[in-house]
$ cat input.txt   # compact mmCIF, C-alpha atoms and all ligand atoms
# COMPACT_ATOMS: atom_id res chain seq x y z
CA MET A 1 55.94 -13.86 -59.74
CA GLY A 2 56.12 -17.50 -58.74
CA GLU A 3 59.71 -18.72 -58.96
CA ASN A 4 61.31 -21.65 -57.27
CA ARG A 5 64.78 -23.02 -57.46
CA ASN A 6 65.29 -26.65 -56.63
CA PHE A 7 67.31 -29.73 -57.25
CA SER A 8 64.39 -32.09 -57.60
CA ARG A 9 64.43 -34.57 -60.41
CA ARG A 10 61.59 -35.93 -62.44
CA GLY A 11 60.47 -39.33 -61.25
CA PHE A 12 61.54 -40.96 -64.45
CA LEU A 13 64.88 -39.23 -64.72
CA ARG A 14 67.46 -41.63 -66.00
CA SER A 15 70.81 -41.93 -64.27
CA SER A 16 72.61 -41.96 -67.62
CA ALA A 17 71.21 -38.55 -68.49
CA ILE A 18 72.09 -37.19 -65.07
CA GLY A 19 75.62 -38.52 -65.27
CA ALA A 20 76.22 -37.02 -68.64
CA ALA A 21 74.56 -33.78 -67.69
CA GLY A 22 76.35 -33.40 -64.39
CA ALA A 23 79.75 -34.04 -65.87
CA LEU A 24 79.33 -31.09 -68.13
CA MET A 25 77.22 -28.82 -66.02
CA GLY A 26 79.28 -28.31 -62.87
CA THR A 27 76.15 -28.33 -60.77
CA SER A 28 75.34 -29.25 -57.20
CA THR A 29 76.65 -32.59 -56.03
CA LEU A 30 75.09 -35.69 -54.54
CA ALA A 31 77.01 -38.64 -53.10
CA ASN A 32 75.57 -41.98 -54.04
CA ASP A 33 76.15 -45.12 -52.02
CA SER A 34 79.09 -46.29 -54.06
CA ASN A 35 80.91 -43.10 -53.09
CA ARG A 36 80.88 -41.77 -56.62
CA ILE A 37 79.89 -38.15 -56.82
CA ARG A 38 77.02 -37.44 -59.14
CA LYS A 39 75.78 -34.06 -60.08
CA GLU A 40 72.25 -32.97 -60.47
CA PRO A 41 70.91 -30.10 -62.55
CA VAL A 42 69.74 -27.00 -60.76
CA ILE A 43 66.29 -26.13 -62.02
CA ILE A 44 64.67 -22.73 -61.68
CA LYS A 45 60.97 -22.80 -62.38
CA ARG A 46 58.60 -19.94 -63.03
CA LYS A 47 54.85 -20.01 -63.40
CA LEU A 48 53.59 -19.00 -66.81
CA GLY A 49 51.36 -16.09 -65.84
CA LYS A 50 47.90 -17.12 -64.71
CA THR A 51 48.09 -20.51 -66.38
CA ASP A 52 48.67 -23.65 -64.35
CA ILE A 53 51.93 -24.24 -66.23
CA ASP A 54 55.02 -24.14 -64.02
CA VAL A 55 58.14 -24.92 -66.02
CA PRO A 56 61.93 -24.53 -65.95
CA VAL A 57 63.07 -21.17 -67.26
CA VAL A 58 64.93 -23.04 -69.99
CA SER A 59 62.64 -24.89 -72.38
CA PHE A 60 63.34 -26.64 -75.67
CA GLY A 61 62.82 -24.91 -79.01
CA VAL A 62 62.40 -27.91 -81.29
CA MET A 63 62.15 -25.97 -84.54
CA ARG A 64 65.49 -26.98 -85.99
CA SER A 65 65.81 -30.41 -84.42
CA ASP A 66 64.94 -33.59 -86.26
CA ASN A 67 66.62 -35.83 -83.71
CA ALA A 68 64.09 -37.65 -81.52
CA ALA A 69 66.89 -39.13 -79.38
CA LEU A 70 68.07 -35.64 -78.50
CA VAL A 71 64.58 -34.51 -77.52
CA LYS A 72 64.14 -37.67 -75.48
CA SER A 73 67.41 -36.99 -73.64
CA ALA A 74 66.25 -33.47 -72.92
CA PHE A 75 62.97 -34.72 -71.53
CA GLU A 76 64.69 -37.23 -69.32
CA MET A 77 67.14 -34.59 -68.11
CA GLY A 78 64.37 -32.29 -66.90
CA PHE A 79 63.20 -30.22 -69.85
CA VAL A 80 59.41 -30.07 -69.62
CA HIS A 81 58.20 -27.62 -72.23
CA PHE A 82 58.70 -28.30 -75.94
CA ASP A 83 57.88 -25.78 -78.63
CA THR A 84 57.09 -26.59 -82.25
CA ALA A 85 54.85 -25.25 -85.05
CA ASN A 86 52.61 -26.51 -87.80
CA SER A 87 55.02 -25.17 -90.41
CA TYR A 88 58.34 -26.41 -89.01
CA GLN A 89 60.09 -28.86 -91.31
CA GLU A 90 56.88 -29.13 -93.32
CA GLY A 91 55.20 -30.93 -90.43
CA ARG A 92 57.95 -33.44 -89.71
CA ASN A 93 58.82 -31.59 -86.51
CA GLU A 94 55.34 -32.19 -85.06
CA THR A 95 55.32 -35.77 -86.34
CA MET A 96 58.62 -36.49 -84.61
CA LEU A 97 57.31 -35.11 -81.31
CA GLY A 98 54.08 -37.09 -81.66
CA GLU A 99 55.97 -40.35 -82.14
CA LEU A 100 58.20 -39.61 -79.18
CA PHE A 101 55.66 -38.41 -76.64
CA LYS A 102 52.94 -40.96 -77.33
CA SER A 103 54.63 -43.29 -74.85
CA TYR A 104 54.75 -40.77 -71.99
CA PRO A 105 51.92 -39.64 -69.70
CA ARG A 106 50.23 -36.66 -71.31
CA ASP A 107 50.55 -34.53 -68.17
CA SER A 108 54.31 -35.14 -67.87
CA PHE A 109 55.23 -32.60 -70.56
CA VAL A 110 54.02 -29.27 -71.91
CA LEU A 111 53.56 -29.11 -75.67
CA ALA A 112 53.17 -25.86 -77.58
CA THR A 113 52.53 -25.49 -81.29
CA LYS A 114 51.64 -22.63 -83.61
CA VAL A 115 49.45 -22.02 -86.61
CA TYR A 116 48.91 -19.09 -88.92
CA PRO A 117 46.16 -18.65 -91.47
CA ASP A 118 46.57 -18.63 -95.24
CA ASP A 119 47.00 -15.36 -97.10
CA ILE A 120 49.31 -13.33 -94.88
CA ASP A 121 51.28 -10.59 -96.64
CA ARG A 122 54.95 -11.09 -95.85
CA GLN A 123 55.84 -7.44 -96.32
CA THR A 124 53.12 -5.74 -94.31
CA GLY A 125 51.99 -8.62 -92.11
CA ALA A 126 48.39 -7.87 -93.13
CA MET A 127 45.79 -10.56 -93.77
CA GLY A 128 44.05 -11.07 -97.10
CA PRO A 129 40.59 -12.57 -97.71
CA GLY A 130 42.03 -16.10 -97.50
CA ALA A 131 42.99 -15.58 -93.86
CA THR A 132 39.92 -17.30 -92.55
CA LYS A 133 38.86 -18.96 -89.35
CA GLU A 134 38.58 -22.22 -91.31
CA SER A 135 42.22 -22.08 -92.39
CA ILE A 136 43.26 -21.97 -88.72
CA LEU A 137 40.92 -24.81 -87.75
CA THR A 138 42.07 -27.00 -90.65
CA LYS A 139 45.77 -26.48 -89.98
CA PHE A 140 45.37 -27.15 -86.29
CA GLU A 141 43.52 -30.41 -86.91
CA THR A 142 46.50 -31.47 -89.00
CA SER A 143 48.82 -30.53 -86.13
CA LEU A 144 46.85 -32.60 -83.63
CA LYS A 145 46.97 -35.61 -85.95
CA ARG A 146 50.72 -35.31 -86.42
CA LEU A 147 51.21 -34.89 -82.67
CA GLN A 148 48.91 -37.84 -81.95
CA MET A 149 47.33 -35.79 -79.17
CA ASN A 150 43.81 -34.71 -78.25
CA TYR A 151 45.00 -31.32 -77.13
CA VAL A 152 48.04 -29.08 -76.88
CA ASP A 153 48.94 -27.06 -73.82
CA ILE A 154 49.59 -23.82 -75.68
CA LEU A 155 48.38 -22.96 -79.16
CA TYR A 156 49.96 -19.83 -80.58
CA PHE A 157 48.72 -17.57 -83.32
CA HIS A 158 52.02 -17.75 -85.22
CA GLY A 159 54.07 -14.77 -86.30
CA VAL A 160 51.80 -11.82 -85.54
CA SER A 161 53.30 -8.47 -86.46
CA THR A 162 50.45 -5.96 -86.24
CA ARG A 163 47.80 -5.03 -83.73
CA GLU A 164 45.08 -5.46 -86.35
CA VAL A 165 46.07 -9.05 -87.01
CA ALA A 166 46.41 -9.81 -83.30
CA LEU A 167 42.84 -8.67 -82.74
CA ALA A 168 41.25 -9.89 -86.00
CA PRO A 169 37.77 -11.13 -85.02
CA GLN A 170 37.84 -14.29 -87.15
CA MET A 171 41.16 -15.31 -85.60
CA LEU A 172 39.97 -14.74 -82.05
CA GLU A 173 36.83 -16.72 -82.89
CA ALA A 174 38.84 -19.66 -84.22
CA PHE A 175 41.18 -19.81 -81.23
CA ASP A 176 38.34 -19.32 -78.75
CA GLU A 177 36.45 -22.22 -80.33
CA LEU A 178 39.50 -24.49 -80.03
CA LYS A 179 39.96 -23.52 -76.40
CA LYS A 180 36.31 -24.16 -75.59
CA GLN A 181 36.52 -27.55 -77.30
CA GLY A 182 39.44 -28.42 -75.02
CA LYS A 183 41.84 -28.83 -77.96
CA ALA A 184 44.07 -26.03 -76.73
CA ARG A 185 44.38 -25.44 -73.01
CA TYR A 186 45.79 -21.94 -73.46
CA ILE A 187 45.97 -19.52 -76.37
CA GLY A 188 48.99 -17.40 -77.12
CA MET A 189 50.51 -15.45 -79.94
CA SER A 190 54.06 -15.30 -81.17
CA THR A 191 55.76 -12.21 -82.50
CA HIS A 192 59.17 -11.39 -83.91
CA GLN A 193 58.37 -8.08 -85.54
CA ASN A 194 56.78 -4.95 -84.07
CA GLU A 195 56.77 -6.83 -80.78
CA ALA A 196 55.90 -3.91 -78.48
CA ASP A 197 52.65 -3.13 -80.34
CA VAL A 198 51.72 -6.79 -80.54
CA ILE A 199 52.28 -7.33 -76.81
CA GLN A 200 50.18 -4.25 -76.11
CA ALA A 201 47.43 -5.77 -78.26
CA ALA A 202 47.63 -8.98 -76.20
CA ILE A 203 47.28 -6.90 -73.03
CA ASP A 204 44.27 -5.03 -74.42
CA SER A 205 42.61 -8.14 -75.81
CA ASN A 206 41.75 -9.78 -72.48
CA PHE A 207 42.01 -12.94 -74.56
CA TYR A 208 45.56 -14.18 -74.89
CA ASP A 209 47.01 -16.26 -72.06
CA VAL A 210 50.60 -16.34 -73.31
CA VAL A 211 52.91 -14.23 -75.49
CA LEU A 212 55.96 -15.70 -77.18
CA THR A 213 58.20 -12.80 -78.11
CA ALA A 214 61.59 -12.22 -79.66
CA ILE A 215 63.89 -10.59 -77.14
CA ASN A 216 67.67 -10.54 -76.84
CA PHE A 217 70.57 -8.33 -75.82
CA LYS A 218 71.07 -7.12 -79.42
CA HIS A 219 67.46 -6.16 -80.07
CA SER A 220 67.21 -2.45 -80.84
CA GLN A 221 63.81 -2.27 -79.13
CA ALA A 222 64.78 -4.34 -76.10
CA ASP A 223 63.97 -1.67 -73.51
CA LEU A 224 60.54 -0.97 -74.97
CA ILE A 225 59.71 -4.67 -75.32
CA LYS A 226 60.75 -5.28 -71.73
CA GLN A 227 58.46 -2.48 -70.58
CA LYS A 228 55.54 -4.11 -72.38
CA ILE A 229 56.52 -7.51 -71.03
CA ALA A 230 56.38 -6.11 -67.50
CA VAL A 231 52.86 -4.79 -68.03
CA ALA A 232 51.72 -8.03 -69.64
CA ALA A 233 53.22 -10.16 -66.87
CA GLU A 234 51.59 -7.95 -64.26
CA LYS A 235 48.29 -8.65 -65.97
CA GLY A 236 48.87 -12.39 -65.71
CA ILE A 237 49.98 -13.10 -69.27
CA GLY A 238 52.63 -15.81 -69.48
CA ILE A 239 55.80 -14.63 -71.24
CA VAL A 240 58.01 -16.93 -73.28
CA ALA A 241 61.22 -15.63 -74.89
CA MET A 242 62.60 -16.64 -78.28
CA LYS A 243 65.45 -15.50 -80.53
CA THR A 244 67.43 -15.30 -77.31
CA MET A 245 70.76 -16.06 -79.02
CA ALA A 246 70.53 -13.18 -81.52
CA GLY A 247 71.53 -15.35 -84.46
CA GLY A 248 74.13 -17.47 -82.69
CA PHE A 249 77.11 -16.01 -84.56
CA MET A 250 78.55 -12.61 -85.25
CA ASP A 251 79.78 -13.52 -88.71
CA ARG A 252 78.70 -15.36 -91.83
CA GLU A 253 81.70 -17.67 -91.59
CA ARG A 254 80.73 -18.78 -88.05
CA GLN A 255 84.15 -18.02 -86.68
CA ARG A 256 82.84 -15.71 -83.96
CA PRO A 257 80.10 -17.38 -81.91
CA ILE A 258 77.92 -15.36 -79.59
CA ASN A 259 78.32 -16.36 -75.95
CA CYS A 260 75.05 -18.26 -75.78
CA SER A 261 75.03 -18.82 -72.01
CA ALA A 262 75.50 -15.11 -71.48
CA ALA A 263 72.78 -14.27 -74.00
CA LEU A 264 70.33 -16.63 -72.32
CA LYS A 265 71.15 -15.33 -68.85
CA TRP A 266 70.62 -11.77 -70.07
CA VAL A 267 67.06 -12.71 -71.05
CA LEU A 268 66.27 -14.76 -67.95
CA GLN A 269 67.47 -12.14 -65.50
CA ASP A 270 64.16 -10.46 -66.20
CA THR A 271 61.81 -12.38 -63.92
CA ASN A 272 58.82 -11.20 -65.95
CA ILE A 273 60.05 -13.63 -68.59
CA HIS A 274 58.82 -16.99 -67.42
CA THR A 275 60.62 -19.33 -69.76
CA SER A 276 62.67 -19.34 -72.96
CA ILE A 277 62.84 -21.60 -75.98
CA PRO A 278 66.37 -21.51 -77.37
CA GLY A 279 66.62 -23.67 -80.47
CA ILE A 280 68.57 -26.81 -79.68
CA VAL A 281 70.12 -29.18 -82.21
CA ALA A 282 73.00 -30.82 -80.34
CA TYR A 283 73.60 -32.50 -77.02
CA ASP A 284 76.31 -30.13 -75.78
CA GLN A 285 74.12 -27.16 -76.68
CA MET A 286 71.29 -28.69 -74.66
CA ILE A 287 73.56 -29.12 -71.62
CA GLN A 288 74.97 -25.64 -71.99
CA ASN A 289 71.53 -24.05 -72.12
CA PHE A 290 70.18 -26.03 -69.20
CA SER A 291 73.23 -25.22 -67.08
CA VAL A 292 72.57 -21.47 -67.05
CA MET A 293 70.10 -22.17 -64.25
CA GLU A 294 73.07 -22.83 -61.99
CA SER A 295 73.46 -19.06 -61.80
CA LEU A 296 71.71 -16.41 -63.83
CA GLU A 297 74.31 -13.84 -62.81
CA LEU A 298 76.53 -12.67 -65.65
CA THR A 299 80.26 -12.95 -65.01
CA GLU A 300 82.52 -10.05 -65.99
CA LYS A 301 83.71 -12.09 -68.99
CA GLU A 302 80.12 -12.76 -70.07
CA LYS A 303 79.24 -9.08 -69.78
CA ALA A 304 82.26 -8.21 -71.91
CA ASP A 305 81.31 -10.84 -74.51
CA LEU A 306 77.83 -9.38 -74.86
CA GLU A 307 79.20 -5.85 -75.14
CA GLU A 308 81.54 -6.99 -77.90
CA ALA A 309 78.73 -8.76 -79.77
CA LYS A 310 76.57 -5.67 -79.58
CA LEU A 311 79.14 -3.72 -81.57
CA VAL A 312 79.02 -5.89 -84.68
CA ALA A 313 76.19 -6.09 -87.21
CA GLY A 314 75.95 -9.85 -86.76
CA LEU A 315 73.26 -12.03 -88.28
CA TYR A 316 70.20 -11.03 -86.29
CA CYS A 317 67.61 -8.75 -87.90
CA ASP A 318 65.16 -7.56 -85.28
CA GLY A 319 62.42 -6.75 -87.76
CA CYS A 320 62.42 -3.01 -87.06
CA SER A 321 60.84 -2.51 -90.52
CA GLN A 322 62.83 0.62 -91.34
CA CYS A 323 64.00 -1.00 -94.57
CA LEU A 324 60.54 -1.73 -95.91
CA PRO A 325 59.56 1.71 -97.22
CA GLN A 326 63.10 2.24 -98.50
CA CYS A 327 63.25 -0.75 -100.82
CA LYS A 328 62.37 0.24 -104.39
CA LYS A 329 60.90 -3.17 -105.12
CA LYS A 330 59.00 -3.36 -101.83
CA LEU A 331 60.77 -6.57 -100.90
CA PRO A 332 60.12 -8.02 -97.44
CA VAL A 333 63.75 -7.36 -96.59
CA HIS A 334 63.40 -8.51 -92.97
CA GLU A 335 62.20 -11.93 -94.14
CA TYR A 336 65.23 -12.31 -96.41
CA MET A 337 67.40 -11.36 -93.44
CA ARG A 338 65.70 -14.13 -91.46
CA ALA A 339 66.48 -16.61 -94.24
CA TYR A 340 70.07 -15.34 -94.16
CA MET A 341 70.26 -15.97 -90.41
CA TYR A 342 68.82 -19.47 -90.82
CA THR A 343 71.39 -20.19 -93.50
CA TYR A 344 74.57 -18.78 -92.01
CA GLY A 345 73.78 -18.57 -88.28
CA TYR A 346 71.96 -21.86 -87.85
CA ARG A 347 73.01 -23.76 -91.00
CA HIS A 348 69.36 -24.68 -91.31
CA PHE A 349 68.90 -24.74 -95.05
CA ASP A 350 65.53 -26.48 -94.87
CA ASN A 351 63.87 -23.62 -92.96
CA ALA A 352 65.65 -21.05 -95.10
CA LEU A 353 64.46 -22.67 -98.31
CA THR A 354 60.89 -22.97 -97.04
CA LEU A 355 60.91 -19.28 -96.16
CA LEU A 356 62.42 -18.31 -99.52
CA GLN A 357 59.76 -20.28 -101.34
CA GLU A 358 57.07 -18.50 -99.32
CA LEU A 359 58.66 -15.28 -100.52
CA GLY A 360 58.26 -16.30 -104.16
CA GLY A 361 61.28 -18.52 -104.74
CA SER A 362 63.23 -16.09 -106.90
CA SER A 363 67.01 -16.53 -106.88
CA ASN A 364 67.41 -12.88 -107.90
CA PRO A 365 64.78 -10.87 -105.98
CA CYS A 366 66.48 -7.52 -106.53
CA GLY A 367 66.44 -8.13 -110.29
CA ASP A 368 67.41 -5.05 -112.26
CA CYS A 369 67.58 -2.78 -109.21
CA ARG A 370 71.24 -1.83 -109.30
CA VAL A 371 71.51 0.83 -106.61
CA CYS A 372 70.32 -0.14 -103.19
CA THR A 373 68.50 2.64 -101.37
CA VAL A 374 68.09 0.76 -98.10
CA ILE A 375 69.99 1.96 -95.07
CA CYS A 376 69.67 -0.55 -92.25
CA PRO A 377 70.38 0.80 -88.75
CA LYS A 378 72.23 -2.41 -87.95
CA GLY A 379 74.54 -1.83 -90.86
CA PHE A 380 73.42 -4.81 -92.92
CA ARG A 381 74.21 -4.53 -96.62
CA VAL A 382 70.79 -5.87 -97.38
CA ALA A 383 71.06 -6.22 -101.17
CA GLU A 384 74.24 -8.24 -100.76
CA ARG A 385 72.63 -10.49 -98.17
CA ILE A 386 69.40 -10.90 -100.13
CA ASN A 387 71.14 -11.96 -103.30
CA ASP A 388 73.53 -14.19 -101.39
CA VAL A 389 70.82 -16.17 -99.59
CA ALA A 390 68.37 -16.18 -102.50
CA ARG A 391 70.77 -18.46 -104.41
CA LEU A 392 69.42 -21.22 -102.21
CA SER A 393 66.13 -21.03 -104.13
CA ASP A 394 67.81 -22.79 -107.05
CA VAL A 395 68.89 -25.76 -104.94
CA PRO A 396 66.55 -28.77 -105.20
CA ARG A 397 64.77 -29.35 -101.91
CA GLU A 398 65.93 -32.96 -101.63
CA LEU A 399 69.50 -31.68 -101.33
CA VAL A 400 68.80 -29.50 -98.30
CA VAL A 401 66.24 -31.50 -96.30
S1 LIG Y 501 67.07 -5.47 -92.24
FE1 LIG Y 501 67.72 -3.82 -90.88
S2 LIG Y 501 66.21 -2.19 -91.25
FE2 LIG Y 501 65.33 -4.09 -92.06
S3 LIG Y 501 64.09 -4.93 -90.38
FE3 LIG Y 501 66.13 -5.86 -90.26
S4 LIG Y 501 67.25 -4.59 -88.80
FE4 LIG Y 501 65.47 -3.39 -89.49
S1 LIG Y 502 68.86 -3.49 -104.31
FE1 LIG Y 502 67.27 -4.92 -103.58
S2 LIG Y 502 66.98 -4.40 -101.43
FE2 LIG Y 502 68.02 -2.67 -102.37
S3 LIG Y 502 66.39 -1.27 -102.99
FE3 LIG Y 502 66.84 -2.57 -104.75
S4 LIG Y 502 65.38 -4.26 -104.60
FE4 LIG Y 502 65.42 -3.26 -102.59
$ encode --input "input.txt" --output "structure tokens"
Amino acid sequence: MGENRNFSRRGFLRSSAIGAAGALMGTSTLANDSNRIRKEPVIIKRKLGKTDIDVPVVSFGVMRSDNAALVKSAFEMGFVHFDTANSYQEGRNETMLGELFKSYPRDSFVLATKVYPDDIDRQTGAMGPGATKESILTKFETSLKRLQMNYVDILYFHGVSTREVALAPQMLEAFDELKKQGKARYIGMSTHQNEADVIQAAIDSNFYDVVLTAINFKHSQADLIKQKIAVAAEKGIGIVAMKTMAGGFMDRERQRPINCSAALKWVLQDTNIHTSIPGIVAYDQMIQNFSVMESLELTEKEKADLEEAKLVAGLYCDGCSQCLPQCKKKLPVHEYMRAYMYTYGYRHFDNALTLLQELGGSSNPCGDCRVCTVICPKGFRVAERINDVARLSDVPRELVV
């Protein structure tokens, strides 16, 4: 595993960003010639498997950010790797990044995006006849146009939840073609359901360069996923972690935040995980995430905070799928739980509404089903949560975007 820890700054790093960062980060100090003490971020880098990408262990999940100034500050502070997707904010996320990065040298940042084909069943994750190679190629061309780039560094097959989908010949053909054309330097797949099987499929495929997987201290399958991650990393697959904050809050009212530094450290202590993409929407959050590189050791208080958070149901559904055969209406319960987390954990109504519309847009999905038969191992009262979040479907989009 290639890891290095240094204090080096990017050549274009702006003193204003450093000043602001250092003041908050409590990092190593440098004396400048006017005797003022400035602080410089500590950066731990890991190589992304067998790729030539060597990035800080903390990267920038852009998904929920629509603030180009924030992303620019992150870039100038030392963030290198930015993660978006074709579907985020109906394309505005990619467009924002394209506008921002067009004025920087293409090799000064690492850009990852994701596409998924049409006709994916939200309940089973299976592909229908509309899930064609062409749908991938068409969507990715749109992504490149929005990004104003000739290529991306990592192109993920977005949201894979079964082995069959991971290895679907028409998908592999599409991604292989894009790689050979030089439009995607590396191919990955992202997974936030049935992760262990999907990572195993990546290992067996001899095709995927990178896996982006959900992993956090509250994940019920964390040990198994980490075992698969170890095997994949050993094989040279780059590993990127997402959903590291486990929903961000323990409660719907957002009165009990999860200790995000502790949650991120928990993930990054595993050196088989090469970088992480916590979603960032605010400056102080950006500083807080970046500062975990000062020390990945958990303090006693941080350990206690994580233990406490593990005991409550919280907002994070880890997609274990146990609810799916139990629901009388065969609802994709895990997807509604994701919309619930977007709404109450992240306050990201835009993403929640997009997801709800993909699920059919009903504001009363349970309908006449009066007695809920679903028992969720996390203790979620799923019918309550579904009907709570589904109300958002009735809100006009212009009021939430
Ligand atoms: S709602 Fe509960 S049972 Fe269903 S996938 Fe999420 S954690 Fe598993
Ligand atoms: S109440 Fe809703 S979630 Fe529960 S079984 Fe009925 S349809 Fe499924």
$ closest_atom_pairs --input "input.txt" --of "chain A" --to "ligand LIG 502 (chain Y)" --cutoff "6 Å" --atoms "only C-alpha atoms and all ligand atoms" --output "Markdown table"
| residue | atom | partner | partner_atom | distance |
| --- | --- | --- | --- | --- |
| A:Cys327 | CA | Y:LIG502 | FE4 | 3.8 |
| A:Lys328 | CA | Y:LIG502 | S3 | 4.5 |
| A:Lys329 | CA | Y:LIG502 | S4 | 4.6 |
| A:Leu331 | CA | Y:LIG502 | FE4 | 6.0 |
| A:Cys366 | CA | Y:LIG502 | S4 | 3.9 |
| A:Cys369 | CA | Y:LIG502 | FE3 | 4.5 |
| A:Arg370 | CA | Y:LIG502 | S1 | 5.8 |
| A:Val371 | CA | Y:LIG502 | S1 | 5.6 |
| A:Cys372 | CA | Y:LIG502 | FE2 | 3.5 |
| A:Thr373 | CA | Y:LIG502 | S3 | 4.7 |
| A:Val374 | CA | Y:LIG502 | FE2 | 5.5 |
| A:Val382 | CA | Y:LIG502 | S2 | 5.8 |
| A:Ala383 | CA | Y:LIG502 | S2 | 4.5 |
$ residues_near_ligand --input "input.txt" --ligand "ligand LIG 501 (chain Y)" --cutoff "10 Å" --atoms "all atoms listed in the file" --output "PyMOL selection string"
chain A and resi 193-194+219-220+313+315-327+332-338+374-383+385-386
$ residues_around --input "input.txt" --residues "region 138-142 of chain A" --least-positions-apart "4" --cutoff "7 Å" --atoms "only C-alpha atoms" --output "mmCIF file with C-alpha atoms, in the frame of the given file"
data_model
loop_
_atom_site.group_PDB
_atom_site.id
_atom_site.type_symbol
_atom_site.label_atom_id
_atom_site.label_comp_id
_atom_site.auth_asym_id
_atom_site.auth_seq_id
_atom_site.Cartn_x
_atom_site.Cartn_y
_atom_site.Cartn_z
ATOM 1 C CA VAL A 115 49.450 -22.020 -86.610
ATOM 2 C CA GLU A 134 38.580 -22.220 -91.310
ATOM 3 C CA ARG A 146 50.720 -35.310 -86.420
#
$ closest_atom_pairs --input "input.txt" --of "region 252-347 of chain A" --to "region 60-65 of chain A" --cutoff "6 Å" --atoms "all atoms listed in the file" --output "JSON lines"
{"residue": "A:Ile277", "atom": "CA", "partner": "A:Gly61", "partner_atom": "CA", "distance": 4.5}
{"residue": "A:Pro278", "atom": "CA", "partner": "A:Gly61", "partner_atom": "CA", "distance": 5.2}
{"residue": "A:Gly279", "atom": "CA", "partner": "A:Gly61", "partner_atom": "CA", "distance": 4.3}
{"residue": "A:Val281", "atom": "CA", "partner": "A:Ser65", "partner_atom": "CA", "distance": 5.0}
$ closest_residue --input "input.txt" --among "A:Lys45, A:Lys102, A:Arg347, A:His192" --to "His81 (chain A)" --atoms "all atoms listed in the file"
A:Lys45
$ closest_residue --input "input.txt" --among "A:Asp66, A:Asp209, A:Asp54, A:Asp394" --to "Phe109 (chain A)" --atoms "only C-alpha atoms"
A:Asp54
$ residues_around --input "input.txt" --residues "region 238-245 of chain A" --least-positions-apart "3" --cutoff "8 Å" --atoms "all atoms listed in the file" --output "PyMOL selection string"
chain A and resi 47-51+209-217+229+232-233+248+258+260+263-264+267+272-278
$ atom_distance --input "input.txt" --atom1 "CA of Leu97 (chain A)" --atom2 "CA of Asn351 (chain A)"
17.6 Å
$ atom_distance --input "input.txt" --atom1 "CA of Pro56 (chain A)" --atom2 "CA of Asp270 (chain A)"
14.2 Å
$ atom_distance --input "input.txt" --atom1 "CA of Pro365 (chain A)" --atom2 "CA of Ile120 (chain A)"
19.2 Å
$ residues_near_point --input "input.txt" --point "(38.5, -12.7, -90.4)" --cutoff "10 Å" --atoms "all atoms listed in the file" --output "PDB file with C-alpha atoms, in the frame of the given file"
ATOM      1  CA  PRO A 117      46.160 -18.650 -91.470  1.00  0.00           C
ATOM      2  CA  MET A 127      45.790 -10.560 -93.770  1.00  0.00           C
ATOM      3  CA  GLY A 128      44.050 -11.070 -97.100  1.00  0.00           C
ATOM      4  CA  PRO A 129      40.590 -12.570 -97.710  1.00  0.00           C
ATOM      5  CA  GLY A 130      42.030 -16.100 -97.500  1.00  0.00           C
ATOM      6  CA  ALA A 131      42.990 -15.580 -93.860  1.00  0.00           C
ATOM      7  CA  THR A 132      39.920 -17.300 -92.550  1.00  0.00           C
ATOM      8  CA  LYS A 133      38.860 -18.960 -89.350  1.00  0.00           C
ATOM      9  CA  GLU A 134      38.580 -22.220 -91.310  1.00  0.00           C
ATOM     10  CA  VAL A 165      46.070  -9.050 -87.010  1.00  0.00           C
ATOM     11  CA  LEU A 167      42.840  -8.670 -82.740  1.00  0.00           C
ATOM     12  CA  ALA A 168      41.250  -9.890 -86.000  1.00  0.00           C
ATOM     13  CA  PRO A 169      37.770 -11.130 -85.020  1.00  0.00           C
ATOM     14  CA  GLN A 170      37.840 -14.290 -87.150  1.00  0.00           C
ATOM     15  CA  MET A 171      41.160 -15.310 -85.600  1.00  0.00           C
ATOM     16  CA  LEU A 172      39.970 -14.740 -82.050  1.00  0.00           C
ATOM     17  CA  GLU A 173      36.830 -16.720 -82.890  1.00  0.00           C
ATOM     18  CA  ALA A 174      38.840 -19.660 -84.220  1.00  0.00           C
TER      19      ALA A 174
END
$ residues_around --input "input.txt" --residues "Leu144 (chain A)" --least-positions-apart "3" --cutoff "12 Å" --atoms "all atoms listed in the file" --output "ChimeraX atom specification"
/A:84-86,91,94-95,97-98,111-115,137-141,147-153,155,178,183-184
$ closest_residue --input "input.txt" --among "A:Ile225, A:Val160, A:Leu268, A:Met189" --to "Val58 (chain A)" --atoms "only C-alpha atoms"
A:Leu268
$ closest_residue --input "input.txt" --among "A:Ser205, A:Thr343, A:Thr271, A:Thr162" --to "Phe249 (chain A)" --atoms "only C-alpha atoms"
A:Thr343
$ closest_residue --input "input.txt" --among "A:Leu359, A:Tyr283, A:Phe175, A:Glu300" --to "Lys330 (chain A)" --atoms "only C-alpha atoms"
A:Leu359
$ residues_around --input "input.txt" --residues "Arg254 (chain A)" --least-positions-apart "4" --cutoff "8 Å" --atoms "all atoms listed in the file" --output "PDB file with C-alpha atoms, in the coordinates of the input"
ATOM      1  CA  PHE A 249      77.110 -16.010 -84.560  1.00  0.00           C
ATOM      2  CA  MET A 250      78.550 -12.610 -85.250  1.00  0.00           C
ATOM      3  CA  TYR A 344      74.570 -18.780 -92.010  1.00  0.00           C
ATOM      4  CA  GLY A 345      73.780 -18.570 -88.280  1.00  0.00           C
TER       5      GLY A 345
END
$ closest_residue --input "input.txt" --among "A:Ala166, A:Val231, A:Met286, A:Ala246" --to "Ala202 (chain A)" --atoms "only C-alpha atoms"
A:Ala166
$ decode --input "input.txt" --residues "region 154-159 of chain A" --atoms "C-alpha atoms" --output "compact mmCIF listing (two decimals), in the first residue's frame"
# COMPACT_ATOMS: atom_id res chain seq x y z
CA ILE A 154 -12.71 7.61 -13.20
CA LEU A 155 -16.02 6.59 -14.74
CA TYR A 156 -18.20 4.52 -12.43
CA PHE A 157 -21.00 2.17 -13.28
CA HIS A 158 -23.40 3.85 -10.83
CA GLY A 159 -25.30 2.09 -8.09
